[in-house]
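Accompanying notes for the structure given below.
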Amino acid sequence: MTDGAVHVRPLHRGDSYAAADLDLGRRAFGPFPADEGEHRLASVRLSVDGGRYFGALRDGAIVGTARFLEMTQWWHGRAVPMAGVAGVKVAPEARGGGVGKALTAAVLAEIEARGYPLSALYPATAPLYRSFGYEIAGGRYQVTLPGRSLRALLPPEAGPEGQDTLRRSDPADAAEISAVIERSYSAARASGPVNHDLATSALLLDDEDVYCYLGDDAFVCYGWSAPGEITVYFAVACTAAATRAVWSLIASHASIAGTVHAVAGPADPIGWLTAEPDARLQRTEEWMLRVISAPAAIAARGFPAGLTASVPLTLADPQFPANAGTWLLTVGGGRGMLARGPGAAGPPLRLGPRGLAALYAGTPLATLRTAGLASGGDPAADAILDATFAATPYMLDHF
């Protein structure tokens with residue numbers, strides 16, 4: 001018997017998810033090379049086995065899917081557990097009937113149940129996710145420069161010259177690569193970039209068209225994206241010597257690669273290593289953030305070590321009522337805390353879930369107020385909050 005209603009649940013190995021995922025992916029996002037199908041499904045299987053892959057079923061047929069990835073995101077150099085929502089897609093014939101909303105609600109409920117303080121995603125359509133409390137938080141950037149600019153990097157002005165030694169790496173190095181990534185983001189007091197769980201990292205490394213190199217303090221992977229063009233898909237370095245090793249490796253292709261593209265942070269040191277200001281930075285995509293548990297997200301985030309603050313907040317959150325109410329935000333010694341009750345003189349700053357996500361990501365209070373995402377409080381304290389949450393969030397990964 002069929003009722004035509006849509007039911008959302010986690011999918012399992014016994015479900016026909018593989019064919020549905022590939023078909024929905026092509027219908028929703030366009031064609032992709034046939035040889036990518038198995039690689040995509042290997043990633044999906046990890047989500048299925050982890051209970052993180054949801055399907056919307058109508059009369060037994062899968063008409064939509066969504067999943068989330070187990071990730072870690074850095075905020076001012078501290079690692080925060082984060083659920084990365086990905087692969088939200090709905091069959092064309094099922095659109096407009098609330099399938100996307102039902103999938104998003106189910107995924108968010110599971111994310112909250114597993115205790116993730118944060119969630120992030122790259123939106124195909126922002127209104128859907130804004131209705132669930134996500135807001136634009138940061139970007140994904142690309143640097144483009146002529147290959148010839150890398151042939152002669154500027155010598156260090158301070159400290160000894162030196163260069164890390166890089167070796168070829170493969171999926172067996174996933175744990176060592178992860179450790180280098182963590183050290184790099186922590187040392188840079190980075191905000192926004194993410195790291196995957198080891199199983200996903202090993203899968204991402206298993207691509208014959210991507211060339212990966214690892215050093216004691218550096219990791220880089222790149223590939224040929226067009227004739228005469230190289231794209232650096234991911235690069236991190238913890239020291240000046242490691243940074244020089246990464247870009248010297250890429251420079252070794254300069255006789256063939258006339259153009260180098262690199263996914264990079266907005267303050268990547270490459271712009272300070274080349275003799276001429278040839279590096280052109282472009283923000284190519286935006287990603288959104290959702291605070292799932294306000295107290296846990298504040299407790300896990302890093303803050304400027306020399307700054308102290310005490311500000312009352314009133315939060316509204318229809319999706320997660322545990323966040324709602326009046327809180328006292330206190331920051332000191334690089335740590336933050338939310339405690340129930342005003343606890344401080346003055347009217348509280350009022351924020352909804354979108355405003356809280358944007359503030360957490362470093363959006364200035366002046367912007368939040370004029371956008372209608374913040375009100376009340378003491379405008380004189382806005383500068384304190386701006387300094388408290390100051391960040392230029394970015395990601396290197398796409399998911």
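Every chain in the structure tokens takes a letter, A first, then B, and so on in the order presented; its residues are numbered from 1, and the ligands are numbered from 1 following the presented order.
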I'd like the neighbourhood of Arg9 of chain A as a VMD selection string, where a residue qualifies if any of its atoms comes within 8 Å (using only C-alpha atoms), though same-chain residues fewer than 2 positions away should be ignored. chain A and resid 7 11 54 to 56 106
Taking N, CA and C atoms for each residue, export the selection above as a tab-separated table (two decimals), in the first residue's frame.
```
chain	number	residue	atom	x	y	z
A	7	HIS	N	8.94	10.00	3.81
A	7	HIS	CA	9.45	9.58	5.10
A	7	HIS	C	10.98	9.67	5.07
A	11	LEU	N	19.73	5.74	5.97
A	11	LEU	CA	19.79	4.63	5.03
A	11	LEU	C	20.86	3.64	5.47
A	54	PHE	N	21.14	10.16	5.22
A	54	PHE	CA	19.69	10.12	5.36
A	54	PHE	C	19.03	10.12	3.98
A	55	GLY	N	17.94	9.38	3.88
A	55	GLY	CA	17.18	9.34	2.64
A	55	GLY	C	15.75	9.78	2.87
A	56	ALA	N	15.19	10.45	1.89
A	56	ALA	CA	13.76	10.77	1.87
A	56	ALA	C	13.11	9.78	0.92
A	106	ALA	N	15.98	16.46	9.79
A	106	ALA	CA	16.41	15.16	10.31
A	106	ALA	C	17.92	15.13	10.56
```
Neighbouring residues of Val88 of chain A were defined as those with any atom within 12 Å, considering only C-alpha atoms; residues of the same chain fewer than 6 positions away were excluded. Please report them as JSON, numbers by chain. {"A": [21, 24, 25, 28, 29, 53, 54, 55, 56, 63, 64, 65, 66, 67, 68, 99, 100, 101, 102, 103, 104, 105, 106, 107, 121, 122, 123, 124, 125, 128, 129, 399]}
When you look at segment 206-222 of chain A with a cut-off of 9 Å (counting only C-alpha atoms), what residues show up, excluding the ones that are within fewer than 2 positions of it in the same chain? I need them as a ChimeraX atom specification. /A:39,164-171,173,176-177,180-181,183-184,201-204,224-225,230-239,241-243,245-246,250,262
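Candidate residues A:Pro304, A:Gly4, A:Pro266, A:Pro379 were compared for distance to Arg335 of chain A, and the nearest is A:Pro304, using only C-alpha atoms.
Proximity to Thr200 of chain A was assessed for A:Leu145, A:Val80, A:Ala175, A:Ala297 counting only C-alpha atoms; the smallest distance is recorded for A:Ala175.
The nearest approach to Gln142 of chain A among the residues A:Asp378, A:Asp268, A:Asp386, A:Glu229, with only C-alpha atoms taken into account, belongs to A:Asp268.
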Determine the nearest neighbour of Pro156 of chain A from the options A:Ser293, A:Thr370, A:Ser310, A:Thr274, counting only C-alpha atoms. A:Thr274
Skipping near chain neighbours, those fewer than 4 positions away, what residues fall within 8 Å of Thr308 of chain A using only C-alpha atoms, listed as a PyMOL selection string? chain A and resi 330-333
Just to be explicit: take each residue in the selection above, keep C-alpha atoms, and write the result as a PDB file, in the first residue's frame.
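Result file out.pdb:
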```pdb
ATOM      1  CA  THR A 330      32.725  35.836  29.832  1.00  0.00           C
ATOM      2  CA  VAL A 331      36.079  35.662  28.075  1.00  0.00           C
ATOM      3  CA  GLY A 332      39.556  35.626  29.571  1.00  0.00           C
ATOM      4  CA  GLY A 333      42.883  33.889  29.166  1.00  0.00           C
TER       5      GLY A 333
END
```
